[in-house]
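Note: the block below is target_17.pdb and it holds PDB, C-alpha atoms.
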```pdb
ATOM      1  CA  MET A   1     -21.934  -3.227 -17.062
ATOM      2  CA  LYS A   2     -19.885  -0.134 -17.486
ATOM      3  CA  ASN A   3     -16.378  -1.344 -16.726
ATOM      4  CA  MET A   4     -16.761  -4.969 -15.747
ATOM      5  CA  HIS A   5     -14.419  -5.150 -16.652
ATOM      6  CA  LYS A   6     -12.141  -3.657 -19.210
ATOM      7  CA  VAL A   7     -10.604  -7.120 -19.167
ATOM      8  CA  LEU A   8     -13.753  -8.932 -20.297
ATOM      9  CA  ALA A   9     -14.632  -6.228 -22.800
ATOM     10  CA  GLY A  10     -11.175  -6.419 -24.295
ATOM     11  CA  LEU A  11     -11.383 -10.180 -24.657
ATOM     12  CA  MET A  12     -14.725  -9.890 -26.386
ATOM     13  CA  ALA A  13     -13.462  -7.199 -28.723
ATOM     14  CA  THR A  14     -10.603  -9.393 -29.860
ATOM     15  CA  GLY A  15     -12.774 -12.473 -30.197
ATOM     16  CA  LEU A  16     -10.920 -14.307 -27.458
ATOM     17  CA  LEU A  17     -13.839 -14.746 -25.096
ATOM     18  CA  LEU A  18     -15.707 -17.632 -26.624
ATOM     19  CA  THR A  19     -19.128 -17.302 -25.033
ATOM     20  CA  GLY A  20     -21.425 -14.515 -24.010
ATOM     21  CA  CYS A  21     -20.562 -11.714 -21.652
ATOM     22  CA  SER A  22     -22.188  -8.394 -22.451
ATOM     23  CA  THR A  23     -20.799  -4.902 -22.022
ATOM     24  CA  SER A  24     -22.141  -1.469 -22.822
ATOM     25  CA  SER A  25     -21.181   2.144 -22.689
ATOM     26  CA  THR A  26     -22.968   4.160 -20.036
ATOM     27  CA  LYS A  27     -23.472   7.715 -18.966
ATOM     28  CA  THR A  28     -23.077   8.684 -15.328
ATOM     29  CA  THR A  29     -25.263  11.456 -13.990
ATOM     30  CA  GLY A  30     -25.508  13.222 -10.668
ATOM     31  CA  SER A  31     -28.643  13.438  -8.602
ATOM     32  CA  ALA A  32     -30.027  16.857  -7.830
ATOM     33  CA  ASP A  33     -29.301  16.683  -4.129
ATOM     34  CA  ASN A  34     -25.900  15.105  -3.552
ATOM     35  CA  GLY A  35     -24.361  14.037  -6.833
ATOM     36  CA  THR A  36     -24.790  10.334  -6.061
ATOM     37  CA  ALA A  37     -23.953   8.376  -9.184
ATOM     38  CA  ALA A  38     -26.811   6.952 -11.204
ATOM     39  CA  THR A  39     -26.542   5.187 -14.541
ATOM     40  CA  ASP A  40     -28.719   4.265 -17.472
ATOM     41  CA  THR A  41     -27.736   0.582 -17.379
ATOM     42  CA  GLY A  42     -29.912  -0.509 -14.488
ATOM     43  CA  TYR A  43     -27.066  -0.638 -11.986
ATOM     44  CA  ASP A  44     -28.579  -0.238  -8.504
ATOM     45  CA  ALA A  45     -26.616   2.295  -6.461
ATOM     46  CA  SER A  46     -29.317   2.709  -3.836
ATOM     47  CA  TRP A  47     -27.023   1.186  -1.187
ATOM     48  CA  TYR A  48     -24.630   4.131  -1.561
ATOM     49  CA  LYS A  49     -25.226   7.331   0.410
ATOM     50  CA  GLY A  50     -22.242   9.371  -0.777
ATOM     51  CA  PRO A  51     -21.665  11.571  -3.827
ATOM     52  CA  GLY A  52     -20.474  10.625  -7.287
ATOM     53  CA  TYR A  53     -16.817   9.812  -7.830
ATOM     54  CA  ASP A  54     -15.793  13.190  -9.229
ATOM     55  CA  LYS A  55     -17.640  15.086  -6.521
ATOM     56  CA  LEU A  56     -15.965  13.037  -3.794
ATOM     57  CA  LYS A  57     -12.597  13.716  -5.422
ATOM     58  CA  GLU A  58     -13.290  17.436  -5.066
ATOM     59  CA  GLU A  59     -14.297  16.978  -1.410
ATOM     60  CA  LEU A  60     -11.376  14.814  -0.256
ATOM     61  CA  GLY A  61      -9.569  17.546   1.617
ATOM     62  CA  LYS A  62      -6.190  16.791   3.142
ATOM     63  CA  ALA A  63      -4.467  15.483   6.247
ATOM     64  CA  ASP A  64      -2.275  17.571   8.517
ATOM     65  CA  VAL A  65       1.360  16.640   7.870
ATOM     66  CA  ASP A  66       4.501  18.280   9.249
ATOM     67  CA  LEU A  67       6.778  18.747   6.230
ATOM     68  CA  SER A  68       9.313  21.028   7.887
ATOM     69  CA  ALA A  69      11.980  18.320   8.027
ATOM     70  CA  ALA A  70      11.348  16.853   4.565
ATOM     71  CA  ASP A  71      14.392  15.425   2.841
ATOM     72  CA  GLY A  72      15.338  13.047   0.040
ATOM     73  CA  LYS A  73      12.608  12.302  -2.492
ATOM     74  CA  LEU A  74       9.961  14.038  -0.411
ATOM     75  CA  LYS A  75      11.950  17.270  -0.563
ATOM     76  CA  ASP A  76      12.239  16.869  -4.350
ATOM     77  CA  ILE A  77       8.503  16.243  -4.653
ATOM     78  CA  LEU A  78       7.682  19.391  -2.705
ATOM     79  CA  LYS A  79      10.124  21.401  -4.794
ATOM     80  CA  LYS A  80       8.733  20.282  -8.159
ATOM     81  CA  GLY A  81       5.116  20.408  -6.941
ATOM     82  CA  LYS A  82       4.175  16.972  -8.229
ATOM     83  CA  ILE A  83       4.091  13.383  -7.009
ATOM     84  CA  THR A  84       4.020  10.523  -9.507
ATOM     85  CA  MET A  85       1.992   7.423  -8.743
ATOM     86  CA  ALA A  86       2.445   4.131 -10.611
ATOM     87  CA  THR A  87      -0.526   1.773 -10.870
ATOM     88  CA  SER A  88      -1.914  -1.095 -12.931
ATOM     89  CA  PRO A  89      -5.488  -0.075 -13.782
ATOM     90  CA  ASP A  90      -7.027  -3.507 -14.319
ATOM     91  CA  TYR A  91      -8.531  -4.139 -10.895
ATOM     92  CA  PRO A  92     -11.883  -2.364 -10.439
ATOM     93  CA  PRO A  93     -12.872  -0.736  -8.190
ATOM     94  CA  SER A  94      -9.362  -0.140  -6.821
ATOM     95  CA  GLU A  95      -7.904   1.013 -10.131
ATOM     96  CA  PHE A  96      -9.464   0.974 -13.592
ATOM     97  CA  VAL A  97      -9.877   2.954 -16.818
ATOM     98  CA  ASP A  98     -13.327   4.398 -17.485
ATOM     99  CA  THR A  99     -15.045   4.590 -20.856
ATOM    100  CA  GLN A 100     -13.456   7.995 -21.495
ATOM    101  CA  GLY A 101      -9.944   6.686 -20.893
ATOM    102  CA  ASN A 102      -9.604   8.244 -17.426
ATOM    103  CA  VAL A 103      -7.748   6.319 -14.730
ATOM    104  CA  LYS A 104      -9.965   6.061 -11.660
ATOM    105  CA  GLY A 105     -10.454   3.950  -8.554
ATOM    106  CA  SER A 106     -10.227   4.021  -4.780
ATOM    107  CA  ASP A 107      -6.436   3.779  -4.919
ATOM    108  CA  VAL A 108      -6.320   6.710  -7.341
ATOM    109  CA  LEU A 109      -8.414   8.723  -4.889
ATOM    110  CA  LEU A 110      -5.964   7.725  -2.168
ATOM    111  CA  GLY A 111      -3.137   8.979  -4.363
ATOM    112  CA  GLN A 112      -5.004  12.249  -4.783
ATOM    113  CA  TYR A 113      -5.502  12.544  -1.010
ATOM    114  CA  ILE A 114      -1.769  12.014  -0.489
ATOM    115  CA  ALA A 115      -1.006  14.681  -3.098
ATOM    116  CA  ASN A 116      -3.505  17.078  -1.503
ATOM    117  CA  SER A 117      -1.919  16.537   1.902
ATOM    118  CA  LEU A 118       1.538  17.270   0.524
ATOM    119  CA  GLY A 119       0.261  20.336  -1.349
ATOM    120  CA  VAL A 120       1.310  19.024  -4.762
ATOM    121  CA  GLU A 121      -0.281  17.771  -7.992
ATOM    122  CA  LEU A 122      -0.827  14.075  -8.688
ATOM    123  CA  GLU A 123       0.469  12.460 -11.861
ATOM    124  CA  VAL A 124      -0.625   8.879 -12.572
ATOM    125  CA  GLU A 125       1.506   6.520 -14.662
ATOM    126  CA  THR A 126      -0.148   3.264 -15.772
ATOM    127  CA  MET A 127       1.647  -0.009 -16.472
ATOM    128  CA  ASP A 128       1.439  -3.768 -15.964
ATOM    129  CA  PHE A 129       1.156  -4.791 -12.330
ATOM    130  CA  ASN A 130       4.581  -6.419 -12.202
ATOM    131  CA  ALA A 131       6.177  -3.223 -13.563
ATOM    132  CA  VAL A 132       4.831  -0.937 -10.831
ATOM    133  CA  LEU A 133       7.456  -1.749  -8.213
ATOM    134  CA  THR A 134      10.198  -1.588 -10.835
ATOM    135  CA  ALA A 135       9.044   1.934 -11.673
ATOM    136  CA  VAL A 136       9.292   2.870  -7.984
ATOM    137  CA  ASP A 137      12.722   1.292  -7.629
ATOM    138  CA  THR A 138      14.138   2.990 -10.731
ATOM    139  CA  GLY A 139      12.683   6.402  -9.896
ATOM    140  CA  LYS A 140      10.158   6.529 -12.733
ATOM    141  CA  ALA A 141       7.468   6.836 -10.053
ATOM    142  CA  ASP A 142       7.574   8.301  -6.546
ATOM    143  CA  MET A 143       5.114   5.790  -5.119
ATOM    144  CA  GLY A 144       3.316   2.627  -6.158
ATOM    145  CA  ILE A 145      -0.344   2.185  -5.234
ATOM    146  CA  SER A 146      -1.882  -0.849  -6.889
ATOM    147  CA  GLY A 147      -3.434  -3.171  -4.348
ATOM    148  CA  PHE A 148      -0.106  -4.184  -2.829
ATOM    149  CA  GLY A 149      -0.114  -6.185   0.369
ATOM    150  CA  TYR A 150       2.634  -6.488   2.920
ATOM    151  CA  LYS A 151       5.136  -9.251   2.161
ATOM    152  CA  LYS A 152       8.378  -9.800   4.048
ATOM    153  CA  ASP A 153      10.557  -9.903   0.938
ATOM    154  CA  ARG A 154       8.809  -6.815  -0.409
ATOM    155  CA  ALA A 155       9.503  -4.953   2.840
ATOM    156  CA  GLU A 156      13.189  -5.815   2.476
ATOM    157  CA  GLN A 157      13.308  -4.141  -0.943
ATOM    158  CA  PHE A 158      10.947  -1.179  -0.485
ATOM    159  CA  GLU A 159       9.637   1.173   2.163
ATOM    160  CA  LEU A 160       6.051   0.049   2.790
ATOM    161  CA  SER A 161       3.371   2.111   4.441
ATOM    162  CA  VAL A 162       1.038   1.074   7.199
ATOM    163  CA  GLY A 163      -1.984  -0.805   5.909
ATOM    164  CA  TYR A 164      -5.206   0.738   4.642
ATOM    165  CA  GLN A 165      -8.516  -0.868   3.722
ATOM    166  CA  ALA A 166     -12.209  -0.164   3.366
ATOM    167  CA  ASN A 167     -14.706  -1.541   5.843
ATOM    168  CA  SER A 168     -15.910  -4.023   3.249
ATOM    169  CA  SER A 169     -15.402  -7.433   1.751
ATOM    170  CA  ALA A 170     -12.485  -6.074  -0.248
ATOM    171  CA  ALA A 171     -10.653  -7.392   2.801
ATOM    172  CA  HIS A 172     -11.731 -10.931   1.840
ATOM    173  CA  HIS A 173     -10.026 -13.049  -0.796
ATOM    174  CA  THR A 174     -11.256 -16.116  -2.631
ATOM    175  CA  LEU A 175     -11.095 -17.952  -5.960
ATOM    176  CA  LEU A 176     -12.972 -17.723  -9.252
ATOM    177  CA  VAL A 177     -13.748 -21.037 -10.972
ATOM    178  CA  PRO A 178     -15.809 -22.300 -13.929
ATOM    179  CA  ALA A 179     -19.443 -22.234 -12.840
ATOM    180  CA  ASP A 180     -20.023 -25.840 -13.875
ATOM    181  CA  LYS A 181     -17.287 -26.953 -11.444
ATOM    182  CA  VAL A 182     -18.068 -24.746  -8.454
ATOM    183  CA  ASP A 183     -19.697 -27.616  -6.519
ATOM    184  CA  GLU A 184     -16.336 -29.411  -6.486
ATOM    185  CA  TYR A 185     -14.857 -26.757  -4.179
ATOM    186  CA  LYS A 186     -16.287 -26.850  -0.652
ATOM    187  CA  SER A 187     -13.036 -25.888   1.119
ATOM    188  CA  LEU A 188      -9.575 -24.556   0.320
ATOM    189  CA  SER A 189      -8.228 -28.104   0.551
ATOM    190  CA  ASP A 190     -10.244 -28.969  -2.556
ATOM    191  CA  PHE A 191      -7.832 -26.769  -4.504
ATOM    192  CA  ASP A 192      -4.798 -28.851  -3.482
ATOM    193  CA  GLY A 193      -2.711 -29.603  -6.559
ATOM    194  CA  LYS A 194      -4.893 -27.459  -8.839
ATOM    195  CA  LYS A 195      -3.610 -25.003 -11.447
ATOM    196  CA  ILE A 196      -4.278 -21.523 -10.090
ATOM    197  CA  ASP A 197      -3.501 -18.117 -11.603
ATOM    198  CA  ALA A 198      -2.596 -15.069  -9.504
ATOM    199  CA  GLN A 199      -1.053 -11.765 -10.447
ATOM    200  CA  ALA A 200       2.678 -11.717  -9.830
ATOM    201  CA  ASN A 201       3.649  -9.961  -6.587
ATOM    202  CA  SER A 202       0.033  -9.820  -5.426
ATOM    203  CA  LEU A 203      -1.481 -10.693  -2.064
ATOM    204  CA  GLN A 204      -3.198 -13.633  -3.720
ATOM    205  CA  GLU A 205       0.165 -15.086  -4.747
ATOM    206  CA  MET A 206       1.114 -15.191  -1.068
ATOM    207  CA  TYR A 207      -2.231 -16.632   0.030
ATOM    208  CA  VAL A 208      -2.083 -19.476  -2.490
ATOM    209  CA  ASN A 209       1.495 -20.335  -1.552
ATOM    210  CA  ASP A 210       0.684 -20.250   2.160
ATOM    211  CA  GLN A 211      -2.680 -21.991   2.231
ATOM    212  CA  ILE A 212      -3.155 -24.345  -0.731
ATOM    213  CA  LYS A 213      -1.061 -27.493  -0.578
ATOM    214  CA  ASP A 214       0.920 -28.364  -3.709
ATOM    215  CA  ALA A 215      -0.850 -25.698  -5.755
ATOM    216  CA  ASP A 216       0.404 -25.398  -9.321
ATOM    217  CA  LEU A 217       0.600 -21.605  -9.083
ATOM    218  CA  GLN A 218       0.867 -19.727 -12.357
ATOM    219  CA  LEU A 219       1.857 -16.053 -12.127
ATOM    220  CA  VAL A 220       0.398 -13.619 -14.663
ATOM    221  CA  SER A 221       1.026  -9.938 -15.273
ATOM    222  CA  THR A 222      -2.558  -9.029 -16.189
ATOM    223  CA  LEU A 223      -6.002 -10.322 -15.286
ATOM    224  CA  ASP A 224      -7.071 -10.563 -18.921
ATOM    225  CA  GLN A 225      -4.500 -13.346 -19.327
ATOM    226  CA  ALA A 226      -5.882 -15.141 -16.267
ATOM    227  CA  ILE A 227      -9.504 -14.817 -17.423
ATOM    228  CA  LEU A 228      -8.640 -16.201 -20.851
ATOM    229  CA  GLU A 229      -6.763 -19.140 -19.328
ATOM    230  CA  LEU A 230      -9.671 -19.945 -17.024
ATOM    231  CA  GLN A 231     -12.172 -19.660 -19.822
ATOM    232  CA  THR A 232     -10.177 -21.958 -22.115
ATOM    233  CA  GLY A 233      -9.526 -24.555 -19.418
ATOM    234  CA  LYS A 234      -5.787 -24.034 -19.055
ATOM    235  CA  ILE A 235      -6.171 -23.424 -15.308
ATOM    236  CA  ASP A 236      -8.651 -24.436 -12.628
ATOM    237  CA  ALA A 237      -9.061 -21.154 -10.742
ATOM    238  CA  ILE A 238      -7.972 -17.539 -10.305
ATOM    239  CA  ALA A 239      -7.172 -16.137  -6.859
ATOM    240  CA  LEU A 240      -8.794 -12.696  -6.414
ATOM    241  CA  ASP A 241     -10.236 -10.393  -3.807
ATOM    242  CA  SER A 242     -13.864 -11.294  -3.210
ATOM    243  CA  THR A 243     -15.347  -8.163  -4.772
ATOM    244  CA  THR A 244     -13.483  -8.662  -8.036
ATOM    245  CA  ALA A 245     -14.297 -12.387  -8.099
ATOM    246  CA  LYS A 246     -18.004 -11.762  -7.552
ATOM    247  CA  ASN A 247     -18.209  -9.133 -10.231
ATOM    248  CA  TYR A 248     -16.387 -11.259 -12.790
ATOM    249  CA  ALA A 249     -18.902 -13.993 -12.005
ATOM    250  CA  ASP A 250     -21.887 -11.637 -12.201
ATOM    251  CA  THR A 251     -20.927 -10.367 -15.654
ATOM    252  CA  SER A 252     -19.823 -13.666 -17.194
ATOM    253  CA  ASP A 253     -23.284 -14.847 -18.274
ATOM    254  CA  GLY A 254     -22.991 -17.927 -16.101
ATOM    255  CA  MET A 255     -19.468 -18.833 -17.155
ATOM    256  CA  PHE A 256     -17.661 -18.215 -13.825
ATOM    257  CA  ALA A 257     -18.509 -18.470 -10.128
ATOM    258  CA  SER A 258     -16.986 -17.206  -6.906
ATOM    259  CA  VAL A 259     -16.439 -20.027  -4.413
ATOM    260  CA  LEU A 260     -17.005 -17.529  -1.587
ATOM    261  CA  VAL A 261     -20.467 -16.628  -2.839
ATOM    262  CA  ALA A 262     -21.358 -20.214  -3.772
ATOM    263  CA  ASN A 263     -19.795 -22.175  -0.925
ATOM    264  CA  GLY A 264     -18.371 -19.740   1.628
ATOM    265  CA  VAL A 265     -14.774 -20.615   0.713
ATOM    266  CA  GLU A 266     -12.140 -17.931   1.288
ATOM    267  CA  PHE A 267      -8.532 -17.532   2.362
ATOM    268  CA  ASP A 268      -7.898 -17.276   6.110
ATOM    269  CA  LEU A 269      -6.505 -13.796   6.699
ATOM    270  CA  SER A 270      -6.282 -14.045  10.492
ATOM    271  CA  GLN A 271      -2.605 -14.999  10.277
ATOM    272  CA  TYR A 272      -1.863 -11.680   8.559
ATOM    273  CA  GLU A 273      -3.650  -9.375  11.014
ATOM    274  CA  ASP A 274      -0.511  -7.440  11.913
ATOM    275  CA  THR A 275      -0.134  -6.286   8.312
ATOM    276  CA  ALA A 276      -3.795  -6.158   7.261
ATOM    277  CA  GLY A 277      -4.912  -4.274   4.190
ATOM    278  CA  ASN A 278      -2.980  -2.825   1.298
ATOM    279  CA  VAL A 279       0.162  -0.707   1.418
ATOM    280  CA  VAL A 280       1.851   2.079  -0.530
ATOM    281  CA  ALA A 281       5.392   1.349  -1.716
ATOM    282  CA  VAL A 282       8.231   3.858  -2.130
ATOM    283  CA  LYS A 283      11.926   3.439  -2.865
ATOM    284  CA  LYS A 284      14.015   1.836  -0.134
ATOM    285  CA  GLY A 285      15.657   4.431   2.079
ATOM    286  CA  GLU A 286      13.096   7.165   1.410
ATOM    287  CA  THR A 287      11.998   7.249   5.041
ATOM    288  CA  SER A 288      10.957  10.891   5.023
ATOM    289  CA  LEU A 289       8.454  10.187   2.240
ATOM    290  CA  ILE A 290       7.045   7.018   3.787
ATOM    291  CA  ASP A 291       6.725   8.718   7.175
ATOM    292  CA  ALA A 292       4.615  11.455   5.585
ATOM    293  CA  ILE A 293       2.491   8.892   3.738
ATOM    294  CA  ASN A 294       1.994   6.948   6.974
ATOM    295  CA  THR A 295       0.734  10.077   8.710
ATOM    296  CA  ILE A 296      -1.722  10.609   5.861
ATOM    297  CA  ILE A 297      -2.952   7.002   5.840
ATOM    298  CA  LYS A 298      -3.366   6.998   9.627
ATOM    299  CA  SER A 299      -5.789   9.906   9.244
ATOM    300  CA  LEU A 300      -8.150   7.891   6.996
ATOM    301  CA  PRO A 301     -10.133   5.936   9.639
ATOM    302  CA  THR A 302     -11.432   9.122  11.265
ATOM    303  CA  SER A 303     -11.634  11.444   8.240
ATOM    304  CA  GLY A 304     -14.604  10.045   6.353
ATOM    305  CA  LYS A 305     -17.114  12.350   4.731
ATOM    306  CA  TYR A 306     -20.005   9.878   4.529
ATOM    307  CA  GLU A 307     -18.600   6.773   6.227
ATOM    308  CA  GLU A 308     -16.337   6.914   9.258
ATOM    309  CA  ASN A 309     -13.325   5.796   7.224
ATOM    310  CA  LEU A 310     -12.357   8.065   4.315
ATOM    311  CA  TYR A 311     -10.936   5.140   2.368
ATOM    312  CA  THR A 312     -14.339   3.461   2.643
ATOM    313  CA  ASP A 313     -15.812   6.594   1.030
ATOM    314  CA  MET A 314     -13.207   6.270  -1.726
ATOM    315  CA  TYR A 315     -13.906   2.569  -2.198
ATOM    316  CA  TYR A 316     -17.693   2.923  -2.332
ATOM    317  CA  ALA A 317     -17.550   5.843  -4.768
ATOM    318  CA  ALA A 318     -15.225   3.817  -6.989
ATOM    319  CA  CYS A 319     -17.603   0.834  -6.819
ATOM    320  CA  VAL A 320     -20.443   3.004  -8.097
ATOM    321  CA  GLU A 321     -18.272   4.589 -10.790
ATOM    322  CA  ALA A 322     -17.141   1.162 -12.029
ATOM    323  CA  GLU A 323     -20.634  -0.278 -11.488
ATOM    324  CA  VAL A 324     -19.422  -3.129  -9.340
ATOM    325  CA  SER A 325     -20.859  -4.386  -6.091
ATOM    326  CA  PRO A 326     -19.055  -3.859  -2.781
ATOM    327  CA  ASN A 327     -20.237  -7.417  -2.056
ATOM    328  CA  GLU A 328     -21.158  -6.781   1.557
ATOM    329  CA  GLU A 329     -23.133  -9.945   2.147
TER
END
```
Show me, as structure tokens, the structure contained in the file I just sent.
Amino acid sequence: MKNMHKVLAGLMATGLLLTGCSTSSTKTTGSADNGTAATDTGYDASWYKGPGYDKLKEELGKADVDLSAADGKLKDILKKGKITMATSPDYPPSEFVDTQGNVKGSDVLLGQYIANSLGVELEVETMDFNAVLTAVDTGKADMGISGFGYKKDRAEQFELSVGYQANSSAAHHTLLVPADKVDEYKSLSDFDGKKIDAQANSLQEMYVNDQIKDADLQLVSTLDQAILELQTGKIDAIALDSTTAKNYADTSDGMFASVLVANGVEFDLSQYEDTAGNVVAVKKGETSLIDAINTIIKSLPTSGKYEENLYTDMYYAACVEAEVSPNEE
């Protein structure tokens, strides 16, 4: 598959992935009528009714935002005509690098929509996941968009936006395990005491700590590290959103399995309903900027071009571009 994922392809290229996953370069083409992505790899995009990724990017439009009272960093952004977004592009379809080296994903489209709404250009800076918030805090980036969830300690250190999410199973989270052990995990309690990887500062870190008793949680900065550790038996599982877990499983040639797909096992998100979805982070005290971003995000549910929610449009287009399934089962 085209980008499933850069992580697996990189491991294969370096000889670190010991058994067969296959990757290939692909060409994306637009259909004659609406630019819907189609590929020469056999990826089935028939479920998708929107345009290709680049066409949707052109069609995003902007939200109405009152910038007359802008101050602080927002005022600086408007003056220089550019907003800088920090992200860790190793989490398709939210953020990833395509075969041409371009940073893409639903979160990148969200960053573009924010820039459009502010009337400025978007500049994307890529880095390890655990460096994104540092970049925001030190001023290297104006905002961090990289699949962040709301966490109390994070809210004490940064201004966090209201939540955003697609109407899809990206809002579900589960665990990836070796396929030959998947039958051992029929509930979350079966992971008690197990060695589990999660990206540092991720939603999954919080879910494991909150819901798996005595978990031996290992924090990693990149998913390639987690995949290698799972493949070599150093850990028992990786905590991921369900879409990412399913697509790692689908492209692993039978090596990995999602316990959600196999056994219906997932984290219980009902306790987090007040802060559902992902959030944008900006430097603490930059209330003018976060207020503007909140206005923009609040416009998403009713601004869709092909789905009701514009972020769902972004997410689906990114799924097709990365050739991953939205996993709506």
Selected residue of minimal separation from A:Thr244 among A:Ala276, A:Ala131, A:Leu269, A:Leu223, counting all atoms listed in the file: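 Using all atoms listed in the file, the shortest distance to A:Thr244 belongs to A:Leu223.
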Option closest in space to A:Asp128, from A:Asp153, A:Asp142, A:Asp90, A:Asp197 [counting all atoms listed in the file]: A:Asp90
Distance of atom CA of A:Ser258 from atom CA of A:Tyr185, expressed in Å to one decimal place: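 Distance between the two atoms: 10.2 Å.
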Given only C-alpha atoms as the counted atoms, nearest of A:Gly105, A:Gly50, A:Gly72, A:Gly193 to A:Gly147: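 Of the candidates, the smallest distance to A:Gly147 is held by A:Gly105.
If you look at atom CA of A:Ile83 and atom CA of A:Leu122, they are 5.2 Å away from each other.
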Counting all atoms listed in the file, the residue of A:Asp107, A:Asp250, A:Glu286, A:Asp137 that sits nearest A:Pro89: A:Asp107
Distance of atom CA of A:Leu60 from atom CA of A:Gln112, expressed in Å to one decimal place: 8.2 Å
Residue contacts of A:Ala245 (9 Å, all atoms listed in the file) excluding same-chain residues fewer than 3 positions away, as a list of chain:residue names: A:His173, A:Thr174, A:Leu175, A:Leu176, A:Ile238, A:Ala239, A:Leu240, A:Asp241, A:Ser242, A:Tyr248, A:Ala249, A:Asp250, A:Phe256, A:Ala257, A:Ser258, A:Val259, A:Leu260
For A:Glu159, list every protein, DNA or RNA residue within 7 Å, evaluated using all atoms listed in the file, and leave out those in the same chain fewer than 3 positions away; present the list as a short mmCIF file (atom, residue, chain, number, x, y, z; two decimals) with C-alpha atoms, keeping the file's coordinate frame.
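Result went into selection-v9.cif, see below:
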```cif
data_model
loop_
_atom_site.label_atom_id
_atom_site.label_comp_id
_atom_site.auth_asym_id
_atom_site.auth_seq_id
_atom_site.Cartn_x
_atom_site.Cartn_y
_atom_site.Cartn_z
CA ALA A 155 9.50 -4.95 2.84
CA ALA A 281 5.39 1.35 -1.72
CA VAL A 282 8.23 3.86 -2.13
CA LYS A 283 11.93 3.44 -2.86
CA LYS A 284 14.02 1.84 -0.13
CA GLY A 285 15.66 4.43 2.08
CA GLU A 286 13.10 7.16 1.41
CA ILE A 290 7.04 7.02 3.79
#
```
From A:Val220, A:Leu228, A:Leu300, A:Ala262, residue lying nearest A:Asn130 [only C-alpha atoms]: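 Checking each candidate against A:Asn130, we get A:Val220 as the closest.
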Picked residues, the PyMOL selection byres ((chain A and resi 299) around 12), expected as a PyMOL selection string: chain A and resi 61-65+110+113-114+117+162-164+292-298+300-304+308-311
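When only C-alpha atoms are used to compute distances to A:Gln271, the closest of the residues A:Asn247, A:Asp71, A:Leu217, A:Gln211 turns out to be A:Gln211.
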Can you pull out the residues contacting A:Leu56? Cut-off 12 Å, using all atoms listed in the file, and skip same-chain residues under 2 positions away; I want them as a compact mmCIF listing (two decimals) with C-alpha atoms, keeping the file's coordinate frame.
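Okay, this is what ended up in out31.txt:
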```
# COMPACT_ATOMS: atom_id res chain seq x y z
CA GLY A 30 -25.51 13.22 -10.67
CA ASN A 34 -25.90 15.10 -3.55
CA GLY A 35 -24.36 14.04 -6.83
CA THR A 36 -24.79 10.33 -6.06
CA ALA A 37 -23.95 8.38 -9.18
CA LYS A 49 -25.23 7.33 0.41
CA GLY A 50 -22.24 9.37 -0.78
CA PRO A 51 -21.66 11.57 -3.83
CA GLY A 52 -20.47 10.62 -7.29
CA TYR A 53 -16.82 9.81 -7.83
CA ASP A 54 -15.79 13.19 -9.23
CA GLU A 58 -13.29 17.44 -5.07
CA GLU A 59 -14.30 16.98 -1.41
CA LEU A 60 -11.38 14.81 -0.26
CA GLY A 61 -9.57 17.55 1.62
CA GLY A 105 -10.45 3.95 -8.55
CA SER A 106 -10.23 4.02 -4.78
CA LEU A 109 -8.41 8.72 -4.89
CA LEU A 110 -5.96 7.72 -2.17
CA GLN A 112 -5.00 12.25 -4.78
CA TYR A 113 -5.50 12.54 -1.01
CA GLY A 304 -14.60 10.04 6.35
CA LYS A 305 -17.11 12.35 4.73
CA TYR A 306 -20.00 9.88 4.53
CA LEU A 310 -12.36 8.06 4.32
CA TYR A 311 -10.94 5.14 2.37
CA THR A 312 -14.34 3.46 2.64
CA ASP A 313 -15.81 6.59 1.03
CA MET A 314 -13.21 6.27 -1.73
CA TYR A 315 -13.91 2.57 -2.20
CA TYR A 316 -17.69 2.92 -2.33
CA ALA A 317 -17.55 5.84 -4.77
CA ALA A 318 -15.22 3.82 -6.99
CA VAL A 320 -20.44 3.00 -8.10
CA GLU A 321 -18.27 4.59 -10.79
```
For the file shown, report as a CSV table (one decimal) with C-alpha atoms, in the coordinates of the input the outcome of the PyMOL selection byres ((chain A and resi 96) around 10) at residue level.
```csv
chain,number,residue,atom,x,y,z
A,3,ASN,CA,-16.4,-1.3,-16.7
A,4,MET,CA,-16.8,-5.0,-15.7
A,5,HIS,CA,-14.4,-5.2,-16.7
A,6,LYS,CA,-12.1,-3.7,-19.2
A,7,VAL,CA,-10.6,-7.1,-19.2
A,87,THR,CA,-0.5,1.8,-10.9
A,88,SER,CA,-1.9,-1.1,-12.9
A,89,PRO,CA,-5.5,-0.1,-13.8
A,90,ASP,CA,-7.0,-3.5,-14.3
A,91,TYR,CA,-8.5,-4.1,-10.9
A,92,PRO,CA,-11.9,-2.4,-10.4
A,93,PRO,CA,-12.9,-0.7,-8.2
A,94,SER,CA,-9.4,-0.1,-6.8
A,95,GLU,CA,-7.9,1.0,-10.1
A,97,VAL,CA,-9.9,3.0,-16.8
A,98,ASP,CA,-13.3,4.4,-17.5
A,99,THR,CA,-15.0,4.6,-20.9
A,101,GLY,CA,-9.9,6.7,-20.9
A,102,ASN,CA,-9.6,8.2,-17.4
A,103,VAL,CA,-7.7,6.3,-14.7
A,104,LYS,CA,-10.0,6.1,-11.7
A,105,GLY,CA,-10.5,4.0,-8.6
A,106,SER,CA,-10.2,4.0,-4.8
A,107,ASP,CA,-6.4,3.8,-4.9
A,108,VAL,CA,-6.3,6.7,-7.3
A,126,THR,CA,-0.1,3.3,-15.8
A,318,ALA,CA,-15.2,3.8,-7.0
A,321,GLU,CA,-18.3,4.6,-10.8
A,322,ALA,CA,-17.1,1.2,-12.0
```
A:Ala215 surroundings by all atoms listed in the file, 12 Å radius, close-in-sequence under 2 positions cut, as a list in words: Leu188, Ser189, Asp190, Phe191, Asp192, Gly193, Lys194, Lys195, Ile196, Asp197, Ala198, Glu205, Met206, Tyr207, Val208, Asn209, Asp210, Gln211, Ile212, Lys213, Leu217, Gln218, Leu219, Ile235, Asp236, Ala237, Ile238 and Ala239 of chain A
